[in-house]
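A.B. asks: Next up, final36.cif (mmCIF, C-alpha atoms and all ligand atoms).
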data_target
loop_
_atom_site.group_PDB
_atom_site.id
_atom_site.type_symbol
_atom_site.label_atom_id
_atom_site.label_comp_id
_atom_site.auth_asym_id
_atom_site.auth_seq_id
_atom_site.Cartn_x
_atom_site.Cartn_y
_atom_site.Cartn_z
ATOM 1 C CA MET A 291 -37.145 76.589 140.420
ATOM 2 C CA PRO A 292 -38.734 74.635 143.267
ATOM 3 C CA THR A 293 -36.621 71.654 144.291
ATOM 4 C CA SER A 294 -38.329 68.299 144.029
ATOM 5 C CA GLN A 295 -39.277 66.812 147.382
ATOM 6 C CA SER A 296 -38.947 63.128 148.063
ATOM 7 C CA THR A 297 -42.027 61.314 149.396
ATOM 8 C CA PRO A 298 -42.220 61.543 153.186
ATOM 9 C CA TYR A 299 -41.598 58.232 154.921
ATOM 10 C CA ILE A 300 -44.629 56.449 156.381
ATOM 11 C CA GLY A 301 -44.052 53.139 158.142
ATOM 12 C CA ARG A 302 -46.315 50.922 160.169
ATOM 13 C CA PHE A 303 -46.612 48.123 162.696
ATOM 14 C CA ALA A 304 -49.536 45.831 161.937
ATOM 15 C CA PRO A 305 -50.057 43.199 164.638
ATOM 16 C CA SER A 306 -52.880 40.672 164.574
ATOM 17 C CA PRO A 307 -54.646 40.667 167.959
ATOM 18 C CA THR A 308 -53.910 37.025 168.722
ATOM 19 C CA GLY A 309 -52.161 37.721 172.040
ATOM 20 C CA PRO A 310 -50.013 40.285 173.860
ATOM 21 C CA LEU A 311 -46.695 41.511 172.451
ATOM 22 C CA HIS A 312 -43.891 38.982 172.905
ATOM 23 C CA PHE A 313 -40.194 39.485 172.304
ATOM 24 C CA GLY A 314 -40.506 38.519 168.617
ATOM 25 C CA SER A 315 -43.283 41.013 167.882
ATOM 26 C CA LEU A 316 -41.432 43.635 169.939
ATOM 27 C CA LEU A 317 -38.495 43.300 167.518
ATOM 28 C CA ALA A 318 -40.766 44.008 164.527
ATOM 29 C CA ALA A 319 -42.235 46.999 166.368
ATOM 30 C CA VAL A 320 -38.796 48.360 167.333
ATOM 31 C CA ALA A 321 -37.277 47.883 163.866
ATOM 32 C CA SER A 322 -40.223 49.481 162.042
ATOM 33 C CA TYR A 323 -40.319 52.334 164.578
ATOM 34 C CA LEU A 324 -36.609 53.130 164.352
ATOM 35 C CA GLN A 325 -36.644 52.916 160.548
ATOM 36 C CA ALA A 326 -39.453 55.516 160.552
ATOM 37 C CA LYS A 327 -38.061 57.763 163.295
ATOM 38 C CA SER A 328 -34.543 57.820 161.874
ATOM 39 C CA ALA A 329 -36.056 58.963 158.549
ATOM 40 C CA ASN A 330 -38.096 61.654 160.359
ATOM 41 C CA GLY A 331 -41.123 59.751 159.165
ATOM 42 C CA GLN A 332 -44.484 58.770 160.539
ATOM 43 C CA TRP A 333 -45.237 55.460 162.193
ATOM 44 C CA ILE A 334 -48.767 54.076 162.134
ATOM 45 C CA VAL A 335 -50.221 51.285 164.268
ATOM 46 C CA ARG A 336 -52.813 49.106 162.553
ATOM 47 C CA ILE A 337 -54.538 46.286 164.403
ATOM 48 C CA GLU A 338 -55.215 43.544 161.850
ATOM 49 C CA ASP A 339 -58.443 42.223 163.340
ATOM 50 C CA ILE A 340 -60.002 40.526 160.327
ATOM 51 C CA ASP A 341 -59.733 36.907 161.422
ATOM 52 C CA PRO A 342 -61.907 36.557 164.555
ATOM 53 C CA PRO A 343 -61.438 32.761 164.883
ATOM 54 C CA ARG A 344 -57.689 33.325 165.450
ATOM 55 C CA GLU A 345 -58.091 36.362 167.690
ATOM 56 C CA HIS A 346 -58.129 36.694 171.419
ATOM 57 C CA PRO A 347 -60.619 39.112 173.011
ATOM 58 C CA GLY A 348 -58.798 42.076 174.552
ATOM 59 C CA ALA A 349 -55.492 41.303 172.800
ATOM 60 C CA ASP A 350 -55.632 44.641 170.957
ATOM 61 C CA LYS A 351 -55.658 46.460 174.281
ATOM 62 C CA LEU A 352 -52.804 44.330 175.621
ATOM 63 C CA ILE A 353 -50.739 45.125 172.511
ATOM 64 C CA LEU A 354 -51.453 48.854 172.710
ATOM 65 C CA ASP A 355 -50.762 48.940 176.470
ATOM 66 C CA GLY A 356 -47.481 47.132 175.799
ATOM 67 C CA LEU A 357 -46.488 49.630 173.093
ATOM 68 C CA GLU A 358 -47.351 52.504 175.398
ATOM 69 C CA ALA A 359 -45.398 51.025 178.318
ATOM 70 C CA TYR A 360 -42.363 50.763 176.026
ATOM 71 C CA GLY A 361 -42.628 54.422 175.050
ATOM 72 C CA PHE A 362 -43.665 53.987 171.402
ATOM 73 C CA GLU A 363 -45.407 57.078 170.016
ATOM 74 C CA TRP A 364 -47.583 56.428 166.992
ATOM 75 C CA ASP A 365 -48.960 58.961 164.569
ATOM 76 C CA GLY A 366 -52.707 59.447 164.302
ATOM 77 C CA PRO A 367 -55.355 57.178 165.771
ATOM 78 C CA VAL A 368 -54.844 53.418 165.940
ATOM 79 C CA ILE A 369 -56.419 51.877 162.829
ATOM 80 C CA TYR A 370 -58.637 48.789 163.139
ATOM 81 C CA GLN A 371 -58.540 46.874 159.888
ATOM 82 C CA SER A 372 -62.020 45.345 160.380
ATOM 83 C CA LYS A 373 -63.535 48.839 159.930
ATOM 84 C CA ASP A 374 -62.533 48.662 156.270
ATOM 85 C CA HIS A 375 -64.546 45.530 155.517
ATOM 86 C CA GLU A 376 -66.788 47.255 152.966
ATOM 87 C CA ARG A 377 -63.825 48.803 151.195
ATOM 88 C CA HIS A 378 -62.132 45.378 151.025
ATOM 89 C CA ALA A 379 -65.351 43.779 149.737
ATOM 90 C CA ALA A 380 -65.627 46.430 147.022
ATOM 91 C CA VAL A 381 -62.009 45.879 145.943
ATOM 92 C CA ILE A 382 -62.644 42.113 145.719
ATOM 93 C CA ALA A 383 -65.820 42.699 143.685
ATOM 94 C CA GLY A 384 -63.814 44.983 141.371
ATOM 95 C CA LEU A 385 -61.185 42.288 140.817
ATOM 96 C CA VAL A 386 -63.899 39.741 139.996
ATOM 97 C CA SER A 387 -65.684 42.031 137.550
ATOM 98 C CA ALA A 388 -62.377 42.888 135.857
ATOM 99 C CA GLY A 389 -61.752 39.143 135.349
ATOM 100 C CA HIS A 390 -58.749 39.080 137.701
ATOM 101 C CA ALA A 391 -60.441 36.926 140.344
ATOM 102 C CA TYR A 392 -63.018 34.135 140.338
ATOM 103 C CA PRO A 393 -65.199 32.073 142.687
ATOM 104 C CA CYS A 394 -63.828 28.748 143.841
ATOM 105 C CA SER A 395 -65.736 25.969 145.583
ATOM 106 C CA CYS A 396 -62.770 23.676 146.294
ATOM 107 C CA SER A 397 -62.610 22.532 149.878
ATOM 108 C CA ARG A 398 -59.471 21.876 151.854
ATOM 109 C CA ARG A 399 -60.123 18.186 151.334
ATOM 110 C CA ASP A 400 -60.372 18.685 147.546
ATOM 111 C CA LEU A 401 -56.865 20.137 147.693
ATOM 112 C CA SER A 402 -55.355 17.602 150.056
ATOM 113 C CA GLU A 403 -53.694 15.661 147.228
ATOM 114 C CA VAL A 404 -52.292 18.568 145.190
ATOM 115 C CA ARG A 405 -48.600 19.468 144.920
ATOM 116 C CA ARG A 406 -47.302 21.583 147.804
ATOM 117 C CA GLY A 407 -44.757 24.398 147.758
ATOM 118 C CA SER A 408 -43.229 26.670 150.403
ATOM 119 C CA LEU A 409 -46.596 28.427 150.676
ATOM 120 C CA GLY A 410 -48.671 25.260 151.120
ATOM 121 C CA ALA A 411 -50.958 23.583 148.565
ATOM 122 C CA ILE A 412 -50.324 24.873 145.041
ATOM 123 C CA TYR A 413 -53.774 25.543 143.637
ATOM 124 C CA PRO A 414 -54.114 23.664 140.323
ATOM 125 C CA GLY A 415 -56.674 26.059 138.854
ATOM 126 C CA THR A 416 -59.659 23.705 139.157
ATOM 127 C CA CYS A 417 -62.314 26.457 139.269
ATOM 128 C CA ARG A 418 -60.713 28.822 136.756
ATOM 129 C CA LEU A 419 -63.344 27.879 134.199
ATOM 130 C CA GLY A 420 -66.228 28.273 136.624
ATOM 131 C CA CYS A 421 -67.981 26.610 139.514
ATOM 132 C CA ASP A 422 -71.655 26.557 140.361
ATOM 133 C CA SER A 423 -71.671 26.362 144.131
ATOM 134 C CA LYS A 424 -72.885 29.304 146.237
ATOM 135 C CA ASP A 425 -70.529 28.476 149.076
ATOM 136 C CA VAL A 426 -67.390 29.883 147.518
ATOM 137 C CA ALA A 427 -64.068 31.485 148.190
ATOM 138 C CA ILE A 428 -62.638 34.042 145.776
ATOM 139 C CA ARG A 429 -59.227 33.415 144.236
ATOM 140 C CA VAL A 430 -57.065 35.812 142.300
ATOM 141 C CA LEU A 431 -55.645 34.660 138.975
ATOM 142 C CA THR A 432 -51.876 34.388 138.872
ATOM 143 C CA HIS A 433 -49.414 34.129 135.984
ATOM 144 C CA ASP A 434 -45.992 32.589 135.701
ATOM 145 C CA GLN A 435 -43.867 35.634 134.868
ATOM 146 C CA PRO A 436 -41.392 35.992 137.729
ATOM 147 C CA ILE A 437 -42.364 38.594 140.303
ATOM 148 C CA GLU A 438 -39.139 40.218 141.371
ATOM 149 C CA PHE A 439 -38.220 42.668 144.082
ATOM 150 C CA ILE A 440 -35.228 43.658 146.153
ATOM 151 C CA ASP A 441 -35.635 43.292 149.872
ATOM 152 C CA GLU A 442 -33.418 45.808 151.665
ATOM 153 C CA LEU A 443 -32.027 43.121 153.981
ATOM 154 C CA GLN A 444 -32.635 39.830 152.197
ATOM 155 C CA GLY A 445 -31.585 40.945 148.700
ATOM 156 C CA ALA A 446 -33.047 39.995 145.320
ATOM 157 C CA GLN A 447 -36.196 37.845 145.428
ATOM 158 C CA SER A 448 -38.156 36.186 142.671
ATOM 159 C CA MET A 449 -41.206 33.951 142.573
ATOM 160 C CA ARG A 450 -43.338 32.490 139.802
ATOM 161 C CA LEU A 451 -46.737 32.586 141.422
ATOM 162 C CA GLU A 452 -48.704 30.296 139.154
ATOM 163 C CA SER A 453 -46.339 27.366 139.592
ATOM 164 C CA GLU A 454 -45.096 28.134 143.113
ATOM 165 C CA SER A 455 -48.346 29.135 144.853
ATOM 166 C CA GLY A 456 -51.164 28.933 142.326
ATOM 167 C CA ASP A 457 -54.162 31.270 142.336
ATOM 168 C CA PHE A 458 -54.587 32.357 145.950
ATOM 169 C CA VAL A 459 -57.584 33.149 148.124
ATOM 170 C CA ILE A 460 -58.544 36.788 148.704
ATOM 171 C CA ARG A 461 -61.936 36.056 150.257
ATOM 172 C CA ARG A 462 -62.461 32.914 152.259
ATOM 173 C CA ARG A 463 -65.450 30.608 152.053
ATOM 174 C CA ASP A 464 -66.573 31.872 155.464
ATOM 175 C CA GLY A 465 -66.793 35.387 153.957
ATOM 176 C CA LEU A 466 -63.715 36.731 155.772
ATOM 177 C CA VAL A 467 -61.336 38.871 153.751
ATOM 178 C CA ALA A 468 -57.907 37.251 153.402
ATOM 179 C CA TYR A 469 -54.822 38.907 154.890
ATOM 180 C CA HIS A 470 -53.152 39.336 151.474
ATOM 181 C CA LEU A 471 -55.914 41.524 150.101
ATOM 182 C CA ALA A 472 -56.481 43.550 153.261
ATOM 183 C CA VAL A 473 -52.804 44.246 153.902
ATOM 184 C CA VAL A 474 -52.167 45.415 150.344
ATOM 185 C CA GLN A 475 -55.196 47.688 150.179
ATOM 186 C CA ASP A 476 -54.660 49.167 153.646
ATOM 187 C CA ASP A 477 -50.952 49.811 153.153
ATOM 188 C CA ALA A 478 -51.857 51.687 149.955
ATOM 189 C CA ASP A 479 -54.756 53.618 151.516
ATOM 190 C CA GLN A 480 -52.546 54.632 154.429
ATOM 191 C CA GLY A 481 -49.726 55.764 152.138
ATOM 192 C CA ILE A 482 -47.158 53.341 153.579
ATOM 193 C CA THR A 483 -43.841 53.878 151.806
ATOM 194 C CA GLU A 484 -41.847 51.075 153.421
ATOM 195 C CA ILE A 485 -42.931 47.845 155.102
ATOM 196 C CA VAL A 486 -40.723 46.464 157.862
ATOM 197 C CA ARG A 487 -41.863 43.064 159.130
ATOM 198 C CA GLY A 488 -40.656 39.571 159.989
ATOM 199 C CA ILE A 489 -38.962 37.332 157.434
ATOM 200 C CA ASP A 490 -41.759 34.773 157.882
ATOM 201 C CA LEU A 491 -43.792 37.041 155.564
ATOM 202 C CA LEU A 492 -41.100 37.286 152.853
ATOM 203 C CA ASP A 493 -42.758 34.523 150.813
ATOM 204 C CA SER A 494 -46.074 36.400 150.904
ATOM 205 C CA THR A 495 -44.622 39.539 149.360
ATOM 206 C CA PRO A 496 -44.747 38.356 145.694
ATOM 207 C CA ARG A 497 -48.491 37.798 146.156
ATOM 208 C CA HIS A 498 -48.783 41.323 147.534
ATOM 209 C CA ILE A 499 -46.867 42.769 144.593
ATOM 210 C CA HIS A 500 -49.109 40.833 142.189
ATOM 211 C CA LEU A 501 -52.179 42.392 143.838
ATOM 212 C CA GLN A 502 -50.585 45.855 143.737
ATOM 213 C CA ASN A 503 -50.020 45.416 140.017
ATOM 214 C CA LEU A 504 -53.616 44.327 139.410
ATOM 215 C CA LEU A 505 -54.976 47.164 141.537
ATOM 216 C CA ASN A 506 -52.656 49.721 139.987
ATOM 217 C CA ILE A 507 -51.152 50.749 143.277
ATOM 218 C CA PRO A 508 -47.474 51.458 143.911
ATOM 219 C CA THR A 509 -45.215 48.851 145.478
ATOM 220 C CA PRO A 510 -43.640 50.140 148.700
ATOM 221 C CA ALA A 511 -40.093 49.282 149.778
ATOM 222 C CA TYR A 512 -39.761 46.026 151.726
ATOM 223 C CA VAL A 513 -37.540 45.108 154.665
ATOM 224 C CA HIS A 514 -37.925 41.624 156.157
ATOM 225 C CA ILE A 515 -36.139 41.381 159.469
ATOM 226 C CA PRO A 516 -34.883 38.113 160.972
ATOM 227 C CA VAL A 517 -37.238 36.392 163.395
ATOM 228 C CA ALA A 518 -36.390 35.601 166.979
ATOM 229 C CA GLU A 519 -36.301 31.894 167.753
ATOM 230 C CA ASN A 520 -36.754 29.963 170.955
ATOM 231 C CA ALA A 521 -34.253 27.402 172.241
ATOM 232 C CA GLU A 522 -35.862 24.747 169.990
ATOM 233 C CA GLY A 523 -35.261 26.867 166.890
ATOM 234 C CA GLN A 524 -38.961 27.700 166.464
ATOM 235 C CA LYS A 525 -40.143 31.217 165.650
ATOM 236 C CA LEU A 526 -41.292 33.000 168.810
ATOM 237 C CA SER A 527 -45.049 33.280 168.520
ATOM 238 C CA LYS A 528 -48.196 32.721 170.466
ATOM 239 C CA LEU A 529 -48.330 29.206 168.993
ATOM 240 C CA THR A 530 -44.879 28.332 170.333
ATOM 241 C CA GLY A 531 -45.817 29.705 173.733
ATOM 242 C CA ALA A 532 -43.797 32.962 173.678
ATOM 243 C CA ALA A 533 -44.251 34.946 176.893
ATOM 244 C CA ALA A 534 -45.683 38.462 176.961
ATOM 245 C CA ILE A 535 -43.000 41.149 177.261
ATOM 246 C CA PRO A 536 -42.733 42.348 180.850
ATOM 247 C CA THR A 537 -44.059 45.796 181.605
ATOM 248 C CA GLU A 538 -41.965 46.125 184.768
ATOM 249 C CA LYS A 539 -38.551 45.681 183.090
ATOM 250 C CA VAL A 540 -39.050 48.005 180.166
ATOM 251 C CA ARG A 541 -35.577 49.516 179.890
ATOM 252 C CA THR A 542 -33.745 46.184 180.230
ATOM 253 C CA THR A 543 -36.032 44.580 177.648
ATOM 254 C CA LEU A 544 -35.738 47.509 175.269
ATOM 255 C CA VAL A 545 -31.939 47.386 175.382
ATOM 256 C CA ALA A 546 -32.104 43.588 174.890
ATOM 257 C CA ALA A 547 -34.283 44.196 171.826
ATOM 258 C CA LEU A 548 -31.705 46.629 170.420
ATOM 259 C CA GLU A 549 -28.957 44.081 171.009
ATOM 260 C CA ALA A 550 -31.010 41.308 169.396
ATOM 261 C CA LEU A 551 -31.358 43.627 166.384
ATOM 262 C CA ALA A 552 -27.530 43.875 166.289
ATOM 263 C CA GLN A 553 -27.593 47.565 167.227
ATOM 264 C CA GLU A 554 -24.850 49.429 169.000
ATOM 265 C CA THR A 555 -25.564 50.058 172.676
ATOM 266 C CA CYS A 556 -23.444 51.789 175.293
ATOM 267 C CA GLU A 557 -22.416 51.296 178.896
ATOM 268 C CA GLY A 558 -25.251 52.243 181.237
ATOM 269 C CA LEU A 559 -27.864 52.641 178.473
ATOM 270 C CA GLU A 560 -30.494 50.713 180.395
ATOM 271 C CA ALA A 561 -30.090 53.037 183.381
ATOM 272 C CA GLN A 562 -31.264 55.951 181.238
ATOM 273 C CA SER A 563 -34.901 56.977 180.802
ATOM 274 C CA VAL A 564 -37.017 55.267 178.153
ATOM 275 C CA THR A 565 -37.082 58.562 176.224
ATOM 276 C CA ASP A 566 -33.294 58.746 176.281
ATOM 277 C CA ILE A 567 -32.950 55.099 175.206
ATOM 278 C CA TRP A 568 -35.190 55.829 172.198
ATOM 279 C CA ALA A 569 -33.174 58.968 171.389
ATOM 280 C CA TRP A 570 -29.925 56.956 171.474
ATOM 281 C CA ALA A 571 -31.433 54.132 169.449
ATOM 282 C CA THR A 572 -32.816 56.495 166.800
ATOM 283 C CA ALA A 573 -29.522 58.351 166.451
ATOM 284 C CA HIS A 574 -27.517 55.099 166.165
ATOM 285 C CA TRP A 575 -30.003 53.015 164.118
ATOM 286 C CA GLN A 576 -28.244 50.915 161.466
ATOM 287 C CA LEU A 577 -30.664 48.700 159.574
ATOM 288 C CA GLN A 578 -27.729 47.251 157.645
ATOM 289 C CA ALA A 579 -26.424 45.553 160.789
ATOM 290 C CA LEU A 580 -29.102 42.933 160.038
ATOM 291 C CA GLN A 581 -28.090 42.468 156.389
ATOM 292 C CA GLY A 582 -28.867 38.940 155.200
ATOM 293 C CA ARG A 583 -29.751 37.670 158.695
ATOM 294 C CA LYS A 584 -32.620 35.171 158.765
ATOM 295 C CA ASN A 585 -32.940 34.452 162.455
ATOM 296 C CA ILE A 586 -32.017 35.812 165.821
ATOM 297 C CA ALA A 587 -30.577 33.179 168.088
ATOM 298 C CA PRO A 588 -32.158 32.669 171.483
ATOM 299 C CA GLN A 589 -30.722 34.648 174.389
ATOM 300 C CA HIS A 590 -32.854 35.463 177.358
ATOM 301 C CA TYR A 591 -36.370 36.215 176.246
ATOM 302 C CA PHE A 592 -37.982 37.249 179.506
HETATM 303 N N1 LIG B 601 -50.701 41.045 160.974
HETATM 304 C C1 LIG B 601 -49.529 40.295 160.629
HETATM 305 C C2 LIG B 601 -48.996 39.567 161.846
HETATM 306 O O1 LIG B 601 -49.273 39.964 162.965
HETATM 307 C C3 LIG B 601 -48.402 41.154 160.092
HETATM 308 C C4 LIG B 601 -48.761 41.753 158.812
HETATM 309 C C5 LIG B 601 -47.686 42.572 158.129
HETATM 310 O O2 LIG B 601 -46.809 43.150 158.805
HETATM 311 O O3 LIG B 601 -47.780 42.654 156.913
HETATM 312 O O4 LIG B 601 -48.299 38.589 161.672
#
As a first step, turn the structure in this file into structure tokens.
C.D. replies:
Amino acid sequence: MPTSQSTPYIGRFAPSPTGPLHFGSLLAAVASYLQAKSANGQWIVRIEDIDPPREHPGADKLILDGLEAYGFEWDGPVIYQSKDHERHAAVIAGLVSAGHAYPCSCSRRDLSEVRRGSLGAIYPGTCRLGCDSKDVAIRVLTHDQPIEFIDELQGAQSMRLESESGDFVIRRRDGLVAYHLAVVQDDADQGITEIVRGIDLLDSTPRHIHLQNLLNIPTPAYVHIPVAENAEGQKLSKLTGAAAIPTEKVRTTLVAALEALAQETCEGLEAQSVTDIWAWATAHWQLQALQGRKNIAPQHYF
């Protein structure tokens, strides 16, 4: 009798090209990489370049150069999400024709008075029964059954989408495909089995699971890692002025990243080669060291 084989692990790092890697995005890259490598899995890099107004020309190259300088080795070619625009558009059209999504002409101003939740304005369903404008976004219908999942670090999660977020946008009025739709479809197309990303996206995951259910695609495992904060307690990001990771202090920064992720290090680790640091880190990787952690306190963020 052949023994049954478990699905091979495929993980990913999916940065938006809004600026170079900073210490916070390095942590997401390191955690997703070590989760994949320690499972003998593949690790894919996908540049999420579907929101040009937020992007910075050349940031994709800066990110990839940074990953290379830090010794990351990704599987297959780098994927550019914008190349899948037609596929995303077809998936959106399919949701509309199946009655799962509908055009919406509400402007930001129309929604300025509505109730707000942790995800922003809670859409009250104004256009559910139709709208006649041509200048429309597309929203996906939600329901109020709880969407539940277990995050490997943050534990049991539950959200009632209709009352906590409302029907959400999958294609914007400007024609751009929304992150929620693109990320769900691409993770499925690329066979991602586990998603490791920052806890700032934890609240988005119920929307992703809702889309997976509508599109009949499997839900991967989820791991939301704590986010690194600056001295003011703000998430490190381009918006809060996080500095690019240095390419001349790679080993020191890599060991600092392992420490920030609560990993075991050893005397003299940063004097070893980058390859040897990765080998140590892979062999000693303990995701559970981050169990329940929501933030990583500021240390020295280069
Ligand atoms: N592109 C998103 C970002 O850079 C991350 C998406 C994800 O990991 O799902 O914040």
A.B. asks: With all atoms listed in the file as the atoms that count, which of A:Lys424, A:Arg462, A:Lys539, A:Lys584 lies nearest to Ile340 of chain A?
C.D. replies: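 Closest to Ile340 of chain A of all the choices is A:Arg462.
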A.B. asks: Which residues, named as in the file, does the PyMOL selection byres (((chain A and resi 323) around 8) and not hetatm) pick out? Answer as a PyMOL selection string.
C.D. replies: chain A and resi 301-303+319-322+324-327+333+362
A.B. asks: Please identify every polymer residue within 8 Å of ligand LIG 601 (chain B), using all atoms listed in the file, and present the set as a PyMOL selection string.
C.D. replies: chain A and resi 302-308+315+337-338+469+473+485-488+491
A.B. asks: Could you list, as an MDAnalysis selection string, every residue matched by the PyMOL selection byres (((chain A and resi 505) around 10) and not hetatm) in this structure?
C.D. replies: chainID A and resid 381 384:385 390 474:475 499:504 506:508
A.B. asks: Fewer than 3 positions away in the same chain doesn't count, so skip those; otherwise give me all residues within 7 Å of segment 550-563 of chain A, counting only C-alpha atoms, as a PyMOL selection string.
C.D. replies: chain A and resi 541-542+545-547+566-567+574-576+579-580+586
A.B. asks: Contacts of Gly582 of chain A at 8 Å or less, counting only C-alpha atoms, minus same-chain residues fewer than 3 places along, as an MDAnalysis selection string?
C.D. replies: chainID A and resid 443:445
A.B. asks: Which is closer to Ile334 of chain A than all the others in A:Tyr370, A:Thr495, A:Leu544, A:Ser296, using only C-alpha atoms?
C.D. replies: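 Of all the options, A:Tyr370 lies closest to Ile334 of chain A.
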A.B. asks: Would you mind telling me which residue in A:His312, A:Lys528, A:His378, A:Arg497 lies nearest to Arg461 of chain A when using all atoms listed in the file?
C.D. replies: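 Between A:His312, A:Lys528, A:His378, A:Arg497, the residue approaching Arg461 of chain A most closely is A:His378.
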A.B. asks: Selected by the PyMOL selection byres (((chain A and resi 346) around 8) and not hetatm) in the shown coordinates: which residues, as a VMD selection string?
C.D. replies: chain A and resid 307 to 309 342 344 to 345 347 to 349
A.B. asks: Please determine an axis-aligned box that encloses all atoms of segment 364-373 of chain A listed in the file, with 6 Å added on each side, and express its centre and edge lengths in Å to one decimal as lines of an AutoDock Vina configuration file.
C.D. replies:
center_x = -55.6
center_y = 52.4
center_z = 163.4
size_x = 28.0
size_y = 26.1
size_z = 19.1
